[in-house]
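Engineer: Structure provided below as structure tokens; questions to follow.
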Amino acid sequence: MSTPFLYLRRRAVNAIALGLGAAATALGLAFLSWILVVTVRNGLPAISARLFTGITANAEQGGLRNAIVGSLLMDAMAMAICVPVGVLAGTWLAECARHSRIGTVIRFLNDILLSAPSIVLGLFVYMLVVLPMSTLSGGRVSFSGLAGAVALALIGLPVIVRTTDEMLQLAPGSLREAALSLGIPTWKVTVQVLMRASLPGIATGVLLALARLAGETAPLLFTAFGNNFGTLNPLDKMASLPVAIYQYTNDPSPELHAIAWAGALLIAAFVLTLGIVTRILLHRTRSSHD
């Protein structure tokens, strides 16, 4: 086979691969743009003060105040659970079990948990938290915001563990060696040097976990269930924005459909904001490592 023919063949294969990649990218961007345009077009007209002051129990003047407050509260509780555990677990994997067999097994299990369907985690928390609480309450099914927060924490935990582990492993070895050569204890090197250098990357993982939690619906149907009235008690049923959207879309009223679109727009704007902040932090992390 002659050299010119091989050259032309490689050029042709390269052009075809680039064309297919560009077409796939354009297709994905087209669908994403379509979703965003439809969400904004249907949700923006329903954005009003009533949306943030009304509650889901009022069908005539429906709002999402209790759902917004419930989502913020459950997300905050979930992050309070999974962030410390995830950062500590990721730090242990990176610094104490980097090349050990148990570290490999734990990373494998964490990847399985990362890809597990959220509804499975919701059923797991239903069996682990909701049913035992129901037994203590005399047989009444005890859905609660706390159970919802536990389910969301299980969803966000593997994201934080994976990101913390990878960010600490990306820290330059010379940084660790220089700190140890000064006689600094290993734990201080990890906490005050490596974690400080990897902080933007760890924060990126936390924001990615929060963005994933914001739109979860299935696990909350089995745990927090929903509440048409506002509550701040984590042991009561608690409303959430994704569940409220699900309930409103099942209602035949066009007004409630508009409010559901407004709720979807709020979630999309929240996730988009977190995505932008995440990209900024990730860019800073890569720049510091270069």
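Following the order of the structure tokens, chains are lettered A, B, ..., residues in each are numbered from 1, and ligands are numbered from 1.
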So which residues of segment 136-199 of chain A fall under alpha helix (DSSP H) by DSSP, listed as a PyMOL selection string?

Structural biologist: chain A and resi 136+145-170+173-181+186-188+195-197+199

Engineer: Would you list the contacts of Gly205 of chain A as a PDB file with N, CA and C atoms, in the first residue's frame, taking every protein, DNA or RNA residue within 6 Å and counting only C-alpha atoms, but skipping same-chain residues closer than 3 positions in sequence?

Structural biologist:
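Final file, out_11.pdb:
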ATOM      1  N   ILE A 160     -19.065  13.470  45.954  1.00  0.00           N
ATOM      2  CA  ILE A 160     -18.068  14.180  46.756  1.00  0.00           C
ATOM      3  C   ILE A 160     -16.865  13.286  47.038  1.00  0.00           C
ATOM      4  N   THR A 163     -14.761  13.088  43.777  1.00  0.00           N
ATOM      5  CA  THR A 163     -14.076  14.339  43.456  1.00  0.00           C
ATOM      6  C   THR A 163     -12.947  14.628  44.435  1.00  0.00           C
ATOM      7  N   ILE A 202     -12.402  20.381  45.387  1.00  0.00           N
ATOM      8  CA  ILE A 202     -13.353  19.780  46.326  1.00  0.00           C
ATOM      9  C   ILE A 202     -14.662  20.554  46.331  1.00  0.00           C
ATOM     10  N   LEU A 208     -21.369  20.116  42.377  1.00  0.00           N
ATOM     11  CA  LEU A 208     -21.933  19.116  41.470  1.00  0.00           C
ATOM     12  C   LEU A 208     -22.943  18.225  42.196  1.00  0.00           C
TER      13      LEU A 208
END

Engineer: Give the answer as one residue: which of A:Thr186, A:Thr39, A:Asn110, A:Ser144 has the shortest atom-to-atom distance to His257 of chain A, using only C-alpha atoms?

Structural biologist: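 Closest to His257 of chain A of all the choices is A:Thr39.
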
Engineer: Do you know which residues are at most 12 Å from Ala203 of chain A counting only C-alpha atoms, after dropping those on the same chain fewer than 4 positions away, and could you put them as a count of residues only?

Structural biologist: 27

Engineer: Can you pull out the residues contacting Phe124 of chain A? Cut-off 12 Å, using only C-alpha atoms, and skip same-chain residues under 5 positions away; I want them as an MDAnalysis selection string.

Structural biologist: chainID A and resid 116:119 129:131 147:148 150:152 154:155 219:220 222:223

Engineer: Go through A:Leu194, A:Arg212, A:Gly183, A:Leu73 one by one, measure the shortest atom-to-atom distance of each to Leu114 of chain A using only C-alpha atoms, and give the residue with the smallest value.

Structural biologist: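 Smallest separation from Leu114 of chain A among the options: A:Arg212.
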
Engineer: Might you pull out every residue within 12 Å of segment 189-193 of chain A, with only C-alpha atoms counted and same-chain residues fewer than 6 positions away left off, and present them as a PyMOL selection string?

Structural biologist: chain A and resi 87-88+90-92+94-96+168-169+171-183+199

Engineer: Go ahead and dump the residues you just picked, N, CA and C atoms, as a PDB file, in the first residue's frame.

Structural biologist:
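After the write, part.pdb holds the following:
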ATOM      1  N   VAL A  87     -15.938  14.176  52.165  1.00  0.00           N
ATOM      2  CA  VAL A  87     -14.591  14.748  52.155  1.00  0.00           C
ATOM      3  C   VAL A  87     -13.635  13.882  52.964  1.00  0.00           C
ATOM      4  N   LEU A  88     -14.078  13.419  54.126  1.00  0.00           N
ATOM      5  CA  LEU A  88     -13.220  12.562  54.942  1.00  0.00           C
ATOM      6  C   LEU A  88     -12.935  11.229  54.245  1.00  0.00           C
ATOM      7  N   GLY A  90     -13.024  10.607  50.970  1.00  0.00           N
ATOM      8  CA  GLY A  90     -12.160  10.851  49.830  1.00  0.00           C
ATOM      9  C   GLY A  90     -10.725  11.134  50.241  1.00  0.00           C
ATOM     10  N   THR A  91     -10.552  11.843  51.348  1.00  0.00           N
ATOM     11  CA  THR A  91      -9.204  12.113  51.854  1.00  0.00           C
ATOM     12  C   THR A  91      -8.518  10.823  52.285  1.00  0.00           C
ATOM     13  N   TRP A  92      -9.253   9.958  52.965  1.00  0.00           N
ATOM     14  CA  TRP A  92      -8.676   8.673  53.392  1.00  0.00           C
ATOM     15  C   TRP A  92      -8.272   7.822  52.183  1.00  0.00           C
ATOM     16  N   ALA A  94      -7.420   8.879  49.208  1.00  0.00           N
ATOM     17  CA  ALA A  94      -6.290   9.474  48.488  1.00  0.00           C
ATOM     18  C   ALA A  94      -4.985   9.375  49.262  1.00  0.00           C
ATOM     19  N   GLU A  95      -5.050   9.486  50.585  1.00  0.00           N
ATOM     20  CA  GLU A  95      -3.821   9.578  51.375  1.00  0.00           C
ATOM     21  C   GLU A  95      -3.447   8.276  52.084  1.00  0.00           C
ATOM     22  N   CYS A  96      -4.414   7.453  52.415  1.00  0.00           N
ATOM     23  CA  CYS A  96      -4.120   6.241  53.195  1.00  0.00           C
ATOM     24  C   CYS A  96      -4.347   4.957  52.417  1.00  0.00           C
ATOM     25  N   LEU A 168      -7.221  15.336  45.402  1.00  0.00           N
ATOM     26  CA  LEU A 168      -6.041  15.155  46.254  1.00  0.00           C
ATOM     27  C   LEU A 168      -4.954  14.369  45.536  1.00  0.00           C
ATOM     28  N   GLN A 169      -5.350  13.427  44.676  1.00  0.00           N
ATOM     29  CA  GLN A 169      -4.341  12.689  43.917  1.00  0.00           C
ATOM     30  C   GLN A 169      -3.685  13.555  42.847  1.00  0.00           C
ATOM     31  N   ALA A 171      -2.834  16.606  43.357  1.00  0.00           N
ATOM     32  CA  ALA A 171      -1.901  17.531  44.009  1.00  0.00           C
ATOM     33  C   ALA A 171      -0.466  17.116  43.687  1.00  0.00           C
ATOM     34  N   PRO A 172       0.411  18.055  43.332  1.00  0.00           N
ATOM     35  CA  PRO A 172       1.791  17.695  42.960  1.00  0.00           C
ATOM     36  C   PRO A 172       2.507  16.964  44.088  1.00  0.00           C
ATOM     37  N   GLY A 173       3.220  15.907  43.721  1.00  0.00           N
ATOM     38  CA  GLY A 173       3.982  15.167  44.729  1.00  0.00           C
ATOM     39  C   GLY A 173       5.074  16.003  45.352  1.00  0.00           C
ATOM     40  N   SER A 174       5.617  16.952  44.585  1.00  0.00           N
ATOM     41  CA  SER A 174       6.661  17.823  45.136  1.00  0.00           C
ATOM     42  C   SER A 174       6.134  18.672  46.281  1.00  0.00           C
ATOM     43  N   LEU A 175       4.844  19.013  46.236  1.00  0.00           N
ATOM     44  CA  LEU A 175       4.249  19.802  47.317  1.00  0.00           C
ATOM     45  C   LEU A 175       4.232  18.997  48.609  1.00  0.00           C
ATOM     46  N   ARG A 176       3.861  17.732  48.502  1.00  0.00           N
ATOM     47  CA  ARG A 176       3.838  16.856  49.675  1.00  0.00           C
ATOM     48  C   ARG A 176       5.263  16.620  50.198  1.00  0.00           C
ATOM     49  N   GLU A 177       6.192  16.376  49.297  1.00  0.00           N
ATOM     50  CA  GLU A 177       7.568  16.108  49.711  1.00  0.00           C
ATOM     51  C   GLU A 177       8.216  17.325  50.360  1.00  0.00           C
ATOM     52  N   ALA A 178       7.939  18.512  49.828  1.00  0.00           N
ATOM     53  CA  ALA A 178       8.517  19.721  50.403  1.00  0.00           C
ATOM     54  C   ALA A 178       7.997  19.962  51.812  1.00  0.00           C
ATOM     55  N   ALA A 179       6.698  19.716  52.018  1.00  0.00           N
ATOM     56  CA  ALA A 179       6.135  19.922  53.351  1.00  0.00           C
ATOM     57  C   ALA A 179       6.676  18.900  54.345  1.00  0.00           C
ATOM     58  N   LEU A 180       6.792  17.638  53.914  1.00  0.00           N
ATOM     59  CA  LEU A 180       7.312  16.606  54.811  1.00  0.00           C
ATOM     60  C   LEU A 180       8.793  16.836  55.132  1.00  0.00           C
ATOM     61  N   SER A 181       9.538  17.387  54.184  1.00  0.00           N
ATOM     62  CA  SER A 181      10.959  17.628  54.429  1.00  0.00           C
ATOM     63  C   SER A 181      11.192  18.694  55.485  1.00  0.00           C
ATOM     64  N   LEU A 182      10.183  19.532  55.723  1.00  0.00           N
ATOM     65  CA  LEU A 182      10.296  20.555  56.761  1.00  0.00           C
ATOM     66  C   LEU A 182       9.944  20.019  58.145  1.00  0.00           C
ATOM     67  N   GLY A 183       9.620  18.741  58.219  1.00  0.00           N
ATOM     68  CA  GLY A 183       9.294  18.142  59.508  1.00  0.00           C
ATOM     69  C   GLY A 183       7.846  18.304  59.925  1.00  0.00           C
ATOM     70  N   LEU A 199      -8.718  22.740  47.421  1.00  0.00           N
ATOM     71  CA  LEU A 199     -10.020  23.245  47.860  1.00  0.00           C
ATOM     72  C   LEU A 199     -10.955  23.622  46.708  1.00  0.00           C
TER      73      LEU A 199
END

Engineer: Tell me, in Å to one decimal, how far atom CA of Lys188 of chain A is from atom CA of Asp165 of chain A.

Structural biologist: 17.4 Å
